[in-house]
Amino acid sequence: MYKWYALKRILRGLFMYALLMFIFSLLFNQVNEQTQRSQINEQVKMESVKLRNMKPEQMTTWRTGRYDQLVKLYKLDRPLMERVLFRAVNTITFNFGKSTIIKSSKGEQDVLSILLEALPRTMLLFTTAAILETILGIALGLKKAQKPGGNLDRSTSFVTMIIYGMPSWWLGMMLILLFVYVLKLFPSGGVNSVPTPAGIGFVLDRIWHMILPIMTLVLMGFWSLSFVVRNIVLGVLQEDYIMSARARGIPENKVLFGHTLRTSAPPLVTMALLSLLSSLSGAIIFEGIFSWPGLGNLYWVAVQQNDIPVLMGDLAFTTGIYQAGLVLLDLIYGFLDPRIKVGGKA
Amino acid sequence: MSMKDFGYRLGEFWADFSKEKSGLIGLGILLLSVIVVLMEPVFLPYKDVNGNWRDITYWEDNPPAAPPAWTNLFAREKSAITARLDKPVITEEEDPELGMVRIYSFKYPYHYDKSPLDIILRAKGSGMLFMNLSLERPDGNTIFLGQVYQSDLNDDQVRFAVDTDASSAVYEFIRGHASEDAIANSDSSTIKPTNILFAKIGEDMLSARNALKGDYYYRVKVPMSLLENEENKISDLKLVVTGRVSGVLGTDTAKRDLYSGIVAGLKWALFIGLVTSVISVLIGVMYGIISAYFGGFTDTFMSFIFEIFVSIPVLPVLIVLSAIFKPSIWIIIAALIVFSWVGPVKTVRSMALQIKEETYIEAAKALGSGKWRIILKHMAPLLLPYSFANMALSVPGTIVFEASLSLLGLGDPTIITWGQILHDAQSSGATLNGLWWWIVPPGLFIAIMGMTFAFLGFAMDKILHPKLRTR
């Protein structure tokens, strides 16, 4: 039953996420509490400014009282394990607290709204790149598999090895150097120009800003994807039913897209999603280079400003996305490959 | 496995490996880089670059943001290259003003179109020191640059830079030659002394700057009367002509020689990459074997731990860890190992599950071999060759991880890595200012290192994998 398989996988993903949040909250406990205490101090100071008609002694007692009250509210006076658990639960329920410096475009200091503002931008960039990458990768991979050992196959495999260890962000820097500094064709970074045009101009402007980062991602990704596609498709092409399909006189294109691609779909989807997941991890650096204000760039800013709550929230978000990707991967794989479902009955 | 056995298998492996062209290329580059690392001082133009990378004074004689010297080959107007002169000709003669003097003269042949940025004299002095500095040009003019007078020196460095210390003296020189209009429109703070010193004399010498090519003599006159006193000493005279282009790979905005940085960064890239991947792959292989061999609860538990590590996005966690704990390079390597041992576990575990059922393992058990003996003697040697390819293929990822951390400014500041050079480039806006010599080489070397290990890994994979299957 696919239903049970899916449910089991999702529940396991959720459990894993909760466990990871607990580990993170244990690992970064000390620095989290330091930030929280200094934030409480700040809050008490802010509130005491508003108070009037108070003698100095009254003021100090009020301050210590308020401080203790807030410490109690955030459970900073409880034993270590309880504090860690409390914070983990907070993180799991998206209760990230307030940032220390960074503000969202509306001026809010709520970490969640800062993250939610950045999330769609990251998604836009990476899904577009992933779609282009997959199309190009499969097209090139099929071409390579048709003539294994041919000129095209050999030369593209060679390129795959050459860029194997090339950091995508460095390629981004190179493209900026070429297209922004030398040719002056594209903007160096950001999501939109200032002032932002309205209507259709907005969309065009956004696309103009997206070309360079997407070009980098696709240039980096589709080689290795095509290499994997080639290997998978090559394996399928040697099967007997392909030979018989060809013998029956079915056009080559139909053999390639109808018969071969359908059989190799499960591993192909897995590989495509895996490459997308791994590129998401590299996105942190990548977005910083193009000053693309997504989740990755937020790490960059948070590290520079030493904004611990944002850093923690960002980490929780990224881990969540990563985890969701892993779950989705298994779900799609199970859906495409009927053999998985059999083993999945709970 | 005996030594002879091992030698035989190695020979067999080499026979296959030598047929892989890309593998041989990889091996060649790897050997070359090992040689460079071992003989580092030979390749370093600045011997003390390790430890002085962030010391501003160490680099102060270099030009800032100068392109590599070989860019002259492609430029129509040749720029002066940074030159270091440390062998002055010493003569003694009678000077009309100073009496008997000892003259240290440096010969600088100038045959470029664009003048140097600065001429810097460095010397070590003791006691009282007096130097009269002048420059004799090919057209016979001698320009007085300035005088250095310092006392109570105790083997201290004395530095005289034309660009800052001789501007007024050079201004005196143009007064006699340039047109009055030009002089009226300038003052000693706006003109660049070296532009004047290396230009042909004429009415328009302030604007035209036609290069006067030929041999220049930089003279340092020290009165003999001063040197007769035993306490006054002068030694180690050096002249640095700071060019507009410099070194093999140019300099950055902090005047650092990038070629030295790249060479010094090579050993760290190799070290971080190799140590991390060898250790983490070994851990992963052993983990897979132990998990498969023991089975039962141990297997379930170990698979659970494995699953936790697989679900962690490595780079974000590493970034947060290093942002908070500001670790040294050793801790960074340890953290990289902790998060990257999971790579080979899945494959090794499934292979070990098969090997476990082989009859010779059963025979070994029947003969009374212990668990660890079977694991280390019978299973590990079969599965380790598989891991060699894995080690090579995981090196590039490790190097990129470290470079990414450094790029964010989270690297260990006591060492030089390519990622840190790129961090400095990125934070000074090198991409948008077109300082390509600062961005291209570090990334290119990261890519070349990655390519080397990819070549090695793919070649080894081809050879080692089918063998394992046929056993």
# chains A, B, ... in the order shown; residues from 1 in each chain; ligands from 1
>>> residues_around(residues="B:Gly411", least_positions_apart="2", cutoff="12 Å", atoms="only C-alpha atoms", output="PyMOL selection string")
chain B and resi 268+318-319+321-323+325-333+401-409+413-424
>>> interface_residues(of="chain B", to="chain A", cutoff="6 Å", atoms="only C-alpha atoms", output="ChimeraX atom specification")
/B:396,431-432,443,447,450-451,454
>>> write_last_selection(atoms="N, CA and C atoms", output="PDB file, in the first residue's frame")
ATOM      1  N   PRO B 396      37.898  16.532  -3.455  1.00  0.00           N
ATOM      2  CA  PRO B 396      37.465  17.846  -3.964  1.00  0.00           C
ATOM      3  C   PRO B 396      36.371  18.473  -3.120  1.00  0.00           C
ATOM      4  N   THR B 431      35.632  41.511  -7.984  1.00  0.00           N
ATOM      5  CA  THR B 431      34.928  41.153  -9.216  1.00  0.00           C
ATOM      6  C   THR B 431      34.426  42.394  -9.943  1.00  0.00           C
ATOM      7  N   LEU B 432      33.915  43.348  -9.157  1.00  0.00           N
ATOM      8  CA  LEU B 432      33.314  44.519  -9.799  1.00  0.00           C
ATOM      9  C   LEU B 432      34.359  45.547 -10.207  1.00  0.00           C
ATOM     10  N   GLY B 443      40.591  30.188  -7.374  1.00  0.00           N
ATOM     11  CA  GLY B 443      39.506  29.286  -7.744  1.00  0.00           C
ATOM     12  C   GLY B 443      39.958  28.258  -8.762  1.00  0.00           C
ATOM     13  N   ALA B 447      39.831  24.280  -8.505  1.00  0.00           N
ATOM     14  CA  ALA B 447      39.243  23.446  -9.555  1.00  0.00           C
ATOM     15  C   ALA B 447      40.246  22.424 -10.072  1.00  0.00           C
ATOM     16  N   GLY B 450      40.573  19.681  -7.623  1.00  0.00           N
ATOM     17  CA  GLY B 450      39.384  18.837  -7.718  1.00  0.00           C
ATOM     18  C   GLY B 450      39.466  17.931  -8.935  1.00  0.00           C
ATOM     19  N   MET B 451      39.903  18.510 -10.064  1.00  0.00           N
ATOM     20  CA  MET B 451      40.011  17.750 -11.297  1.00  0.00           C
ATOM     21  C   MET B 451      41.028  16.612 -11.137  1.00  0.00           C
ATOM     22  N   ALA B 454      39.516  13.940  -9.208  1.00  0.00           N
ATOM     23  CA  ALA B 454      38.436  13.314  -9.975  1.00  0.00           C
ATOM     24  C   ALA B 454      39.031  12.347 -10.998  1.00  0.00           C
TER      25      ALA B 454
END
>>> atom_distance(atom1="atom CA of B:Ile143", atom2="atom CA of B:Ile119")
13.6 Å
>>> residues_around(residues="A:Ser157", least_positions_apart="6", cutoff="10 Å", atoms="only C-alpha atoms", output="list in words")
Lys144, Gly149, Asn151, Trp223, Ser224, Ser226, Phe227 and Arg230 of chain A
>>> residues_around(residues="B:Val49", least_positions_apart="3", cutoff="12 Å", atoms="only C-alpha atoms", output="number ranges by chain")
B: 40-41, 43-46, 52-56, 58-59, 256-265, 414-416
>>> write_last_selection(atoms="C-alpha atoms", output="PDB file, in the first residue's frame")
ATOM      1  CA  GLU B  40      58.150  25.197  -1.026  1.00  0.00           C
ATOM      2  CA  PRO B  41      60.981  27.656  -0.248  1.00  0.00           C
ATOM      3  CA  PHE B  43      59.058  28.330  -5.271  1.00  0.00           C
ATOM      4  CA  LEU B  44      58.316  31.160  -2.866  1.00  0.00           C
ATOM      5  CA  PRO B  45      59.538  34.618  -3.881  1.00  0.00           C
ATOM      6  CA  TYR B  46      58.705  35.840  -0.377  1.00  0.00           C
ATOM      7  CA  ASN B  52      53.278  37.154   7.629  1.00  0.00           C
ATOM      8  CA  TRP B  53      50.258  37.004   5.327  1.00  0.00           C
ATOM      9  CA  ARG B  54      48.261  39.396   7.468  1.00  0.00           C
ATOM     10  CA  ASP B  55      51.211  41.586   8.486  1.00  0.00           C
ATOM     11  CA  ILE B  56      50.773  44.887   6.614  1.00  0.00           C
ATOM     12  CA  TYR B  58      55.764  42.918   5.575  1.00  0.00           C
ATOM     13  CA  TRP B  59      54.164  43.834   2.243  1.00  0.00           C
ATOM     14  CA  ARG B 256      50.317  41.036  -0.893  1.00  0.00           C
ATOM     15  CA  ASP B 257      52.036  38.935  -3.534  1.00  0.00           C
ATOM     16  CA  LEU B 258      49.317  36.541  -4.709  1.00  0.00           C
ATOM     17  CA  TYR B 259      51.676  33.958  -6.178  1.00  0.00           C
ATOM     18  CA  SER B 260      53.262  33.447  -2.749  1.00  0.00           C
ATOM     19  CA  GLY B 261      49.810  33.089  -1.221  1.00  0.00           C
ATOM     20  CA  ILE B 262      48.764  30.502  -3.796  1.00  0.00           C
ATOM     21  CA  VAL B 263      51.923  28.439  -3.318  1.00  0.00           C
ATOM     22  CA  ALA B 264      51.582  28.608   0.460  1.00  0.00           C
ATOM     23  CA  GLY B 265      47.917  27.646   0.206  1.00  0.00           C
ATOM     24  CA  THR B 414      46.766  31.772  11.243  1.00  0.00           C
ATOM     25  CA  ILE B 415      47.110  29.950   7.915  1.00  0.00           C
ATOM     26  CA  ILE B 416      46.735  30.850   4.236  1.00  0.00           C
TER      27      ILE B 416
END
>>> residues_around(residues="B:Asn210", least_positions_apart="4", cutoff="10 Å", atoms="only C-alpha atoms", output="CSV table (one decimal) with C-alpha atoms, in the first residue's frame")
chain,number,residue,atom,x,y,z
B,113,ASP,CA,56.4,53.2,-21.2
B,114,LYS,CA,54.7,53.6,-17.8
B,115,SER,CA,56.9,54.7,-14.9
B,195,ASN,CA,56.0,60.2,-13.2
B,196,ILE,CA,58.3,63.2,-13.3
B,198,PHE,CA,61.0,58.9,-15.6
B,199,ALA,CA,59.7,61.5,-18.1
B,200,LYS,CA,61.5,63.4,-20.8
B,201,ILE,CA,62.1,67.0,-20.0
B,202,GLY,CA,59.9,69.5,-21.8
B,204,ASP,CA,54.6,69.6,-21.4
B,205,MET,CA,56.3,67.1,-19.1
B,206,LEU,CA,53.5,67.3,-16.5
>>> select_by_dssp(residues="stretch 40-174 of chain B", states="alpha helix (DSSP H)", output="list in words")
Glu40, Pro41, Val42, Phe43, Val49, Asn50, Gly51, Asn52, Val162, Asp163, Thr164, Asp165, Ser167, Ser168, Ala169, Val170, Tyr171, Glu172, Phe173 and Ile174 of chain B
>>> write_last_selection(atoms="C-alpha atoms", output="PDB file, in the first residue's frame")
ATOM      1  CA  GLU B  40      58.150  25.197  -1.026  1.00  0.00           C
ATOM      2  CA  PRO B  41      60.981  27.656  -0.248  1.00  0.00           C
ATOM      3  CA  VAL B  42      62.362  27.209  -3.773  1.00  0.00           C
ATOM      4  CA  PHE B  43      59.058  28.330  -5.271  1.00  0.00           C
ATOM      5  CA  VAL B  49      54.915  34.426   3.645  1.00  0.00           C
ATOM      6  CA  ASN B  50      53.753  31.795   6.129  1.00  0.00           C
ATOM      7  CA  GLY B  51      52.877  33.744   9.263  1.00  0.00           C
ATOM      8  CA  ASN B  52      53.278  37.154   7.629  1.00  0.00           C
ATOM      9  CA  VAL B 162      60.366  58.640  -3.173  1.00  0.00           C
ATOM     10  CA  ASP B 163      56.611  58.807  -3.505  1.00  0.00           C
ATOM     11  CA  THR B 164      56.049  60.250  -0.037  1.00  0.00           C
ATOM     12  CA  ASP B 165      59.436  61.638   1.054  1.00  0.00           C
ATOM     13  CA  SER B 167      57.700  65.001  -3.608  1.00  0.00           C
ATOM     14  CA  SER B 168      58.824  68.535  -2.771  1.00  0.00           C
ATOM     15  CA  ALA B 169      62.351  67.874  -4.022  1.00  0.00           C
ATOM     16  CA  VAL B 170      60.967  66.613  -7.324  1.00  0.00           C
ATOM     17  CA  TYR B 171      58.687  69.633  -7.543  1.00  0.00           C
ATOM     18  CA  GLU B 172      61.781  71.818  -7.449  1.00  0.00           C
ATOM     19  CA  PHE B 173      63.046  69.923 -10.493  1.00  0.00           C
ATOM     20  CA  ILE B 174      59.998  70.580 -12.665  1.00  0.00           C
TER      21      ILE B 174
END
>>> residues_around(residues="stretch 276-282 of chain B", least_positions_apart="6", cutoff="9 Å", atoms="only C-alpha atoms", output="list in words")
Ile333, Ala334, Leu336, Ile337, Val338, Phe339, Ser340, Trp341, Val342, Gly343, Pro344, Val345, Leu384, Ser387, Phe388, Asn390, Met391, Ala392, Leu393, Ser394, Val395 and Thr398 of chain B
>>> write_last_selection(atoms="C-alpha atoms", output="mmCIF file, in the first residue's frame")
data_model
loop_
_atom_site.group_PDB
_atom_site.id
_atom_site.type_symbol
_atom_site.label_atom_id
_atom_site.label_comp_id
_atom_site.auth_asym_id
_atom_site.auth_seq_id
_atom_site.Cartn_x
_atom_site.Cartn_y
_atom_site.Cartn_z
ATOM 1 C CA ILE B 333 39.173 19.254 9.904
ATOM 2 C CA ALA B 334 37.708 17.255 12.799
ATOM 3 C CA LEU B 336 34.586 17.880 8.406
ATOM 4 C CA ILE B 337 35.422 14.282 9.327
ATOM 5 C CA VAL B 338 32.467 14.063 11.704
ATOM 6 C CA PHE B 339 30.053 15.113 8.970
ATOM 7 C CA SER B 340 31.530 13.370 5.930
ATOM 8 C CA TRP B 341 32.219 9.797 7.046
ATOM 9 C CA VAL B 342 28.719 8.751 5.948
ATOM 10 C CA GLY B 343 29.607 8.709 2.231
ATOM 11 C CA PRO B 344 30.680 5.066 1.708
ATOM 12 C CA VAL B 345 28.638 3.468 4.515
ATOM 13 C CA LEU B 384 39.299 -1.281 1.385
ATOM 14 C CA SER B 387 37.371 2.840 -0.619
ATOM 15 C CA PHE B 388 40.520 4.151 -2.335
ATOM 16 C CA ASN B 390 36.020 6.829 -2.727
ATOM 17 C CA MET B 391 38.805 8.664 -0.881
ATOM 18 C CA ALA B 392 40.070 10.307 -4.051
ATOM 19 C CA LEU B 393 36.573 11.320 -5.089
ATOM 20 C CA SER B 394 35.747 12.892 -1.749
ATOM 21 C CA VAL B 395 38.866 15.099 -1.671
ATOM 22 C CA THR B 398 36.357 18.615 1.259
#
>>> atom_distance(atom1="atom CA of B:Asp139", atom2="atom CA of B:Lys238")
24.5 Å
>>> residues_around(residues="A:Leu136", least_positions_apart="4", cutoff="10 Å", atoms="only C-alpha atoms", output="list in words")
Ala130, Ile131, Leu132, Leu140, Gly141, Leu142, Val218, Leu219, Gly221, Phe222, Trp223, Leu225 and Ser226 of chain A
